[in-house]
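Enquirer: Following this line is run.csv, made up of CSV, C-alpha atoms:
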chain,number,residue,atom,x,y,z
A,4,MET,CA,182.6,97.3,32.7
A,5,ARG,CA,184.0,94.7,35.2
A,6,ARG,CA,180.5,93.2,35.5
A,7,LEU,CA,180.2,92.9,31.7
A,8,LEU,CA,183.6,91.2,31.5
A,9,THR,CA,182.7,88.8,34.3
A,10,SER,CA,179.4,87.9,32.6
A,11,ALA,CA,181.3,87.3,29.3
A,12,ALA,CA,183.8,85.1,31.0
A,13,VAL,CA,181.1,83.0,32.6
A,14,ALA,CA,179.2,82.7,29.3
A,15,ALA,CA,182.4,81.5,27.6
A,16,ALA,CA,183.1,79.0,30.3
A,17,LEU,CA,179.5,77.6,30.0
A,18,ALA,CA,179.8,77.4,26.2
A,19,ASP,CA,183.0,75.4,26.5
A,20,PHE,CA,181.4,73.1,29.1
A,21,ALA,CA,178.3,72.6,26.9
A,22,ALA,CA,180.5,71.7,23.9
A,23,GLU,CA,182.4,69.1,26.0
A,24,HIS,CA,179.3,67.7,27.7
A,25,PRO,CA,176.4,67.9,25.2
A,26,ASN,CA,174.2,65.7,27.4
A,27,ILE,CA,174.3,68.0,30.4
A,28,ARG,CA,171.9,71.0,30.3
A,29,VAL,CA,173.1,74.1,32.3
A,30,ASP,CA,170.7,76.9,33.1
A,31,HIS,CA,172.7,79.9,34.2
A,32,VAL,CA,171.3,83.2,35.6
A,33,ASN,CA,173.7,86.0,36.4
A,34,VAL,CA,172.5,87.9,39.5
A,35,PRO,CA,174.4,91.1,40.1
A,36,PHE,CA,173.3,91.4,43.8
A,37,ALA,CA,174.8,94.8,44.6
A,38,TRP,CA,173.6,96.3,41.3
A,39,LEU,CA,170.0,95.2,42.0
A,40,GLY,CA,170.1,96.5,45.5
A,41,CYS,CA,169.5,93.1,47.0
A,42,LEU,CA,172.2,93.2,49.7
A,43,ALA,CA,172.2,94.9,53.1
A,44,PRO,CA,174.7,97.8,52.9
A,45,PHE,CA,177.6,98.5,55.3
A,46,ASP,CA,180.3,101.1,55.2
A,47,GLY,CA,182.5,100.2,52.2
A,48,THR,CA,183.8,100.3,48.7
A,49,TYR,CA,181.0,99.8,46.1
A,50,ASN,CA,179.4,103.2,45.5
A,51,GLY,CA,180.6,104.1,48.9
A,52,ARG,CA,179.4,100.9,50.5
A,53,SER,CA,180.5,97.4,51.2
A,54,TYR,CA,178.3,94.3,50.8
A,55,GLY,CA,178.1,90.8,52.2
A,56,VAL,CA,177.4,87.8,50.1
A,57,PRO,CA,176.9,84.1,51.1
A,58,GLN,CA,180.3,82.4,51.6
A,59,VAL,CA,179.1,79.2,49.9
A,60,THR,CA,176.3,78.4,47.5
A,61,ASP,CA,176.1,74.7,46.6
A,62,ALA,CA,173.8,72.5,44.5
A,63,PHE,CA,173.9,69.0,45.9
A,64,GLY,CA,173.4,66.0,43.6
A,65,LEU,CA,173.8,62.3,43.5
A,66,LEU,CA,177.0,61.1,41.8
A,67,TYR,CA,176.6,57.5,40.6
A,68,ASN,CA,178.7,54.9,38.7
A,69,LYS,CA,176.9,53.8,35.6
A,70,GLU,CA,178.8,50.6,35.2
A,71,LEU,CA,178.1,49.5,38.8
A,72,LEU,CA,174.4,50.3,38.4
A,73,LYS,CA,174.3,48.4,35.1
A,74,LYS,CA,175.9,45.3,36.8
A,75,ALA,CA,173.3,45.5,39.5
A,76,GLY,CA,170.5,45.5,37.0
A,77,TYR,CA,169.7,49.2,36.8
A,78,ALA,CA,169.4,51.2,33.6
A,79,GLU,CA,168.6,54.5,35.3
A,80,PRO,CA,169.8,56.1,38.6
A,81,PRO,CA,167.4,56.0,41.6
A,82,ALA,CA,164.8,58.7,41.7
A,83,THR,CA,163.5,58.3,45.3
A,84,MET,CA,165.1,57.7,48.7
A,85,ALA,CA,163.5,54.2,48.8
A,86,ASP,CA,165.0,53.5,45.3
A,87,LEU,CA,168.4,54.9,46.5
A,88,LYS,CA,168.5,52.4,49.4
A,89,LYS,CA,167.4,49.4,47.2
A,90,ALA,CA,169.9,50.3,44.5
A,91,ALA,CA,172.8,50.7,46.9
A,92,LEU,CA,172.0,47.4,48.6
A,93,ASP,CA,171.9,45.7,45.2
A,94,VAL,CA,175.2,47.2,44.1
A,95,ARG,CA,176.8,45.9,47.3
A,96,SER,CA,175.4,42.4,47.0
A,97,LYS,CA,175.8,42.0,43.2
A,98,THR,CA,179.1,43.7,42.5
A,99,GLY,CA,181.0,43.7,45.8
A,100,ALA,CA,181.4,47.5,45.6
A,101,GLY,CA,180.9,49.7,48.7
A,102,GLY,CA,177.4,50.9,47.9
A,103,LEU,CA,176.6,54.4,48.9
A,104,ALA,CA,179.2,56.9,50.3
A,105,LEU,CA,177.7,59.6,52.5
A,106,ASN,CA,179.2,62.8,54.0
A,107,VAL,CA,177.5,63.0,57.4
A,108,ASP,CA,178.6,66.5,58.4
A,109,ALA,CA,175.5,68.5,59.4
A,110,TYR,CA,175.7,70.7,56.3
A,111,PHE,CA,175.5,67.7,54.0
A,112,LEU,CA,172.5,66.3,55.7
A,113,LEU,CA,170.4,69.3,54.4
A,114,PRO,CA,169.3,67.5,51.2
A,115,PHE,CA,167.7,64.8,53.3
A,116,ILE,CA,166.3,67.2,55.8
A,117,CYS,CA,164.9,69.7,53.3
A,118,GLY,CA,163.5,66.8,51.3
A,119,GLU,CA,161.3,66.0,54.3
A,120,GLY,CA,160.3,69.7,54.6
A,121,GLY,CA,162.6,70.4,57.6
A,122,ASP,CA,165.5,72.8,58.2
A,123,PHE,CA,167.9,73.8,60.9
A,124,VAL,CA,166.3,77.2,61.5
A,125,ASP,CA,163.0,78.9,60.9
A,126,VAL,CA,164.2,82.2,59.5
A,127,ARG,CA,160.8,83.9,59.5
A,128,ASN,CA,160.1,83.1,63.2
A,129,LYS,CA,163.7,83.2,64.3
A,130,LYS,CA,163.6,79.7,65.8
A,131,ILE,CA,166.0,76.8,65.9
A,132,THR,CA,164.2,73.8,64.4
A,133,ILE,CA,166.8,71.1,64.5
A,134,SER,CA,164.6,68.9,66.7
A,135,SER,CA,161.4,69.4,64.7
A,136,PRO,CA,159.7,66.2,63.4
A,137,ARG,CA,160.5,66.9,59.8
A,138,THR,CA,164.2,67.6,60.5
A,139,VAL,CA,164.4,64.4,62.6
A,140,ALA,CA,162.7,62.5,59.7
A,141,GLY,CA,165.5,63.6,57.3
A,142,VAL,CA,168.2,62.5,59.7
A,143,LYS,CA,166.5,59.2,60.2
A,144,ILE,CA,166.7,58.5,56.5
A,145,VAL,CA,170.5,58.9,56.6
A,146,GLU,CA,170.6,56.7,59.7
A,147,ASP,CA,168.6,54.0,58.0
A,148,LEU,CA,170.9,54.1,54.9
A,149,ILE,CA,173.9,53.5,57.2
A,150,THR,CA,172.4,50.9,59.6
A,151,SER,CA,170.8,48.9,56.7
A,152,GLY,CA,174.2,48.5,55.0
A,153,ALA,CA,173.1,50.6,51.9
A,154,ALA,CA,175.7,53.2,52.8
A,155,VAL,CA,179.3,52.6,54.0
A,156,LYS,CA,179.6,53.3,57.7
A,157,PRO,CA,181.4,56.6,58.0
A,158,ALA,CA,184.7,56.7,59.9
A,159,PRO,CA,184.6,58.4,63.3
A,160,ARG,CA,186.3,61.6,62.1
A,161,ASP,CA,185.6,64.8,60.2
A,162,SER,CA,183.8,64.1,56.9
A,163,TYR,CA,186.0,66.4,55.0
A,164,THR,CA,188.9,64.1,56.0
A,165,ASN,CA,186.7,61.2,54.9
A,166,ALA,CA,186.4,62.7,51.4
A,167,GLU,CA,190.1,63.3,51.1
A,168,THR,CA,191.1,59.8,52.2
A,169,ALA,CA,188.2,57.9,50.6
A,170,TRP,CA,190.3,57.1,47.5
A,171,ALA,CA,192.6,55.0,49.7
A,172,GLU,CA,189.9,53.2,51.5
A,173,VAL,CA,188.7,50.1,49.7
A,174,ALA,CA,185.0,50.3,50.7
A,175,TYR,CA,184.7,53.8,49.2
A,176,ALA,CA,187.1,53.5,46.4
A,177,THR,CA,185.5,50.4,44.9
A,178,ALA,CA,182.3,52.5,44.5
A,179,PHE,CA,184.1,55.2,42.5
A,180,MET,CA,186.7,53.4,40.5
A,181,THR,CA,186.1,51.0,37.6
A,182,GLY,CA,189.2,51.1,35.5
A,183,ASP,CA,192.8,49.8,35.9
A,184,ASP,CA,194.1,53.3,35.3
A,185,THR,CA,192.3,54.7,38.4
A,186,TYR,CA,192.7,51.9,40.9
A,187,THR,CA,194.7,52.6,44.1
A,188,LEU,CA,196.9,49.7,45.3
A,189,ALA,CA,194.3,48.6,47.9
A,190,VAL,CA,191.5,48.5,45.3
A,191,GLY,CA,193.8,46.7,42.8
A,192,LEU,CA,194.5,44.0,45.3
A,193,SER,CA,190.8,43.6,46.2
A,194,ARG,CA,190.1,42.8,42.5
A,195,PHE,CA,192.0,39.5,42.8
A,196,VAL,CA,189.3,38.3,45.3
A,197,GLY,CA,185.9,37.5,43.8
A,198,ARG,CA,182.6,36.3,45.2
A,199,HIS,CA,183.4,32.6,44.4
A,200,ARG,CA,187.2,32.4,43.9
A,201,ALA,CA,190.4,34.2,44.6
A,202,GLU,CA,193.5,34.5,42.5
A,203,TRP,CA,195.9,33.8,45.4
A,204,GLY,CA,199.0,33.6,43.3
A,205,LEU,CA,198.5,37.1,41.7
A,206,LEU,CA,197.3,38.5,45.1
A,207,THR,CA,200.4,37.3,47.0
A,208,ALA,CA,202.8,38.3,44.2
A,209,SER,CA,201.3,41.8,43.9
A,210,SER,CA,201.4,42.2,47.7
A,211,VAL,CA,205.1,41.4,47.7
A,212,LEU,CA,205.7,43.9,44.9
A,213,ILE,CA,203.8,46.6,46.7
A,214,ALA,CA,205.8,46.0,49.9
A,215,ILE,CA,209.2,46.3,48.1
A,216,PRO,CA,209.3,50.2,48.0
A,217,ALA,CA,208.4,50.5,51.7
A,218,ALA,CA,210.9,47.8,52.6
A,219,ALA,CA,213.7,49.5,50.6
A,220,VAL,CA,213.0,52.9,52.3
A,221,PHE,CA,213.1,51.2,55.7
A,222,LEU,CA,216.4,49.5,54.9
A,223,LEU,CA,217.9,52.9,53.8
A,224,VAL,CA,216.9,54.7,57.0
A,225,GLN,CA,217.0,51.8,59.4
A,226,ARG,CA,220.1,53.0,61.2
A,227,HIS,CA,218.6,56.5,61.7
A,228,LEU,CA,215.3,55.0,63.0
A,229,VAL,CA,217.0,52.8,65.5
A,230,THR,CA,219.2,55.7,66.7
A,231,GLY,CA,216.1,57.9,67.2
A,232,LEU,CA,214.2,55.2,69.0
A,233,THR,CA,217.0,54.5,71.4
A,234,ALA,CA,218.2,58.0,71.9
A,235,GLY,CA,216.0,58.7,74.9
A,236,ALA,CA,216.0,55.2,76.3
A,237,THR,CA,219.5,55.5,78.0
A,238,LYS,CA,221.1,58.0,80.3
A,239,ALA,CA,224.8,59.0,80.3
Please, can you express the file's structure as structure tokens?

Expert:
Amino acid sequence: MRRLLTSAAVAAALADFAAEHPNIRVDHVNVPFAWLGCLAPFDGTYNGRSYGVPQVTDAFGLLYNKELLKKAGYAEPPATMADLKKAALDVRSKTGAGGLALNVDAYFLLPFICGEGGDFVDVRNKKITISSPRTVAGVKIVEDLITSGAAVKPAPRDSYTNAETAWAEVAYATAFMTGDDTYTLAVGLSRFVGRHRAEWGLLTASSVLIAIPAAAVFLLVQRHLVTGLTAGATKA
């Protein structure tokens, strides 16, 4: 009964999604792993056994900004790695946006590696294949995207942190945001500087307005900050 209820809930969610996004086709297959006997059993709870399932199952895809591609002269998104590199470079040069934003954690390199026929492991032969020619070729694609300038150079920290902070970083944020209602302060300021001219009056005025809240907070807590900074500087 629980399996039927879960399937019904998924079907209802998919129907709602299809109604909201009629241009997106979703093919869904419900796979009851334990019911089909596809999982290795341990001692446990389902019919006297427990089962293990993959912690994460993802489908990677390219998220792109239609408006930026259109400004760069593209009616359709890139279909090949070569097209992706060219489109990203054109977006950067023609719109001033950041181009391509990559997550370079090992897990997120898999689309590039698998696209070249590589993988991290050879499951059948129980071998690590991270240094195989095909795996290296996939990594080289990512390296070329970064060194060529097609992709924004990732910050030297964990890529999950990159994803969380990207909205506040101008290079990334300009690739994602196209409307006044979504701009962060940094992106908003960058819009006053164009390829051939800059609105210096608006830029400086906006910078002052943005600084006012921080300055007000500092003035309110200034005494406490000074006390804290000097507390350990003197001895009785």

Enquirer: A:Gly99, A:Gly64, A:Gly141, A:Gly204: which is nearest Phe115 (chain A), counting all atoms listed in the file?

Expert: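 Nearest candidate to Phe115 (chain A) out of A:Gly99, A:Gly64, A:Gly141, A:Gly204: A:Gly141.
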
Enquirer: Residues within 8 Å of region 91-98 of chain A, please, as a PyMOL selection string. Count only C-alpha atoms; anything in the same chain fewer than 5 positions from it doesn't count.

Expert: chain A and resi 71-72+74-75+103+152-154

Enquirer: Generate a file of the selected residues that holds C-alpha atoms, formatted as a PDB file, keeping the file's coordinate frame.

Expert:
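The resulting file, out.pdb, is shown below:
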ATOM      1  CA  LEU A  71     178.100  49.500  38.800  1.00  0.00           C
ATOM      2  CA  LEU A  72     174.400  50.300  38.400  1.00  0.00           C
ATOM      3  CA  LYS A  74     175.900  45.300  36.800  1.00  0.00           C
ATOM      4  CA  ALA A  75     173.300  45.500  39.500  1.00  0.00           C
ATOM      5  CA  LEU A 103     176.600  54.400  48.900  1.00  0.00           C
ATOM      6  CA  GLY A 152     174.200  48.500  55.000  1.00  0.00           C
ATOM      7  CA  ALA A 153     173.100  50.600  51.900  1.00  0.00           C
ATOM      8  CA  ALA A 154     175.700  53.200  52.800  1.00  0.00           C
TER       9      ALA A 154
END

Enquirer: Would you list the residues near (175.7, 73.2, 42.9) (no more than 12 Å away, in the coordinates of the file, using all atoms listed in the file) as a PyMOL selection string?

Expert: chain A and resi 29-31+59-65+114

Enquirer: With all atoms listed in the file as the basis for distance, which of A:Ala78, A:Ala85, A:Thr187, A:Val142 is at the shortest distance from Tyr110 (chain A)?

Expert: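 Nearest to Tyr110 (chain A): A:Val142.
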
Enquirer: Between CA of Tyr77 (chain A) and CA of Ala22 (chain A), what is the spacing in Å?

Expert: 28.1 Å

Enquirer: Using Å and a single decimal, report how far CA of Gly118 (chain A) sits from CA of Arg28 (chain A).

Expert: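 So the answer is 23.0 Å.
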
Enquirer: Write out as JSON, numbers by chain the residues lying within 12 Å of region 125-136 of chain A, counting all atoms listed in the file and excluding same-chain residues fewer than 4 positions away.

Expert: {"A": [109, 112, 113, 116, 117, 119, 120, 121, 140, 141, 142, 143]}

Enquirer: One number please: CA of Ala82 (chain A) to CA of Leu66 (chain A), in Å, one decimal.

Expert: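 Those two atoms sit 12.4 Å apart.
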
Enquirer: For each of A:Tyr67, A:Phe20, A:Phe195, A:Phe111, take the minimum atom-to-atom distance to Pro80 (chain A), counting only C-alpha atoms, then give the residue where this is smallest.

Expert: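 Of A:Tyr67, A:Phe20, A:Phe195, A:Phe111, the one nearest Pro80 (chain A), counting only C-alpha atoms, is A:Tyr67.
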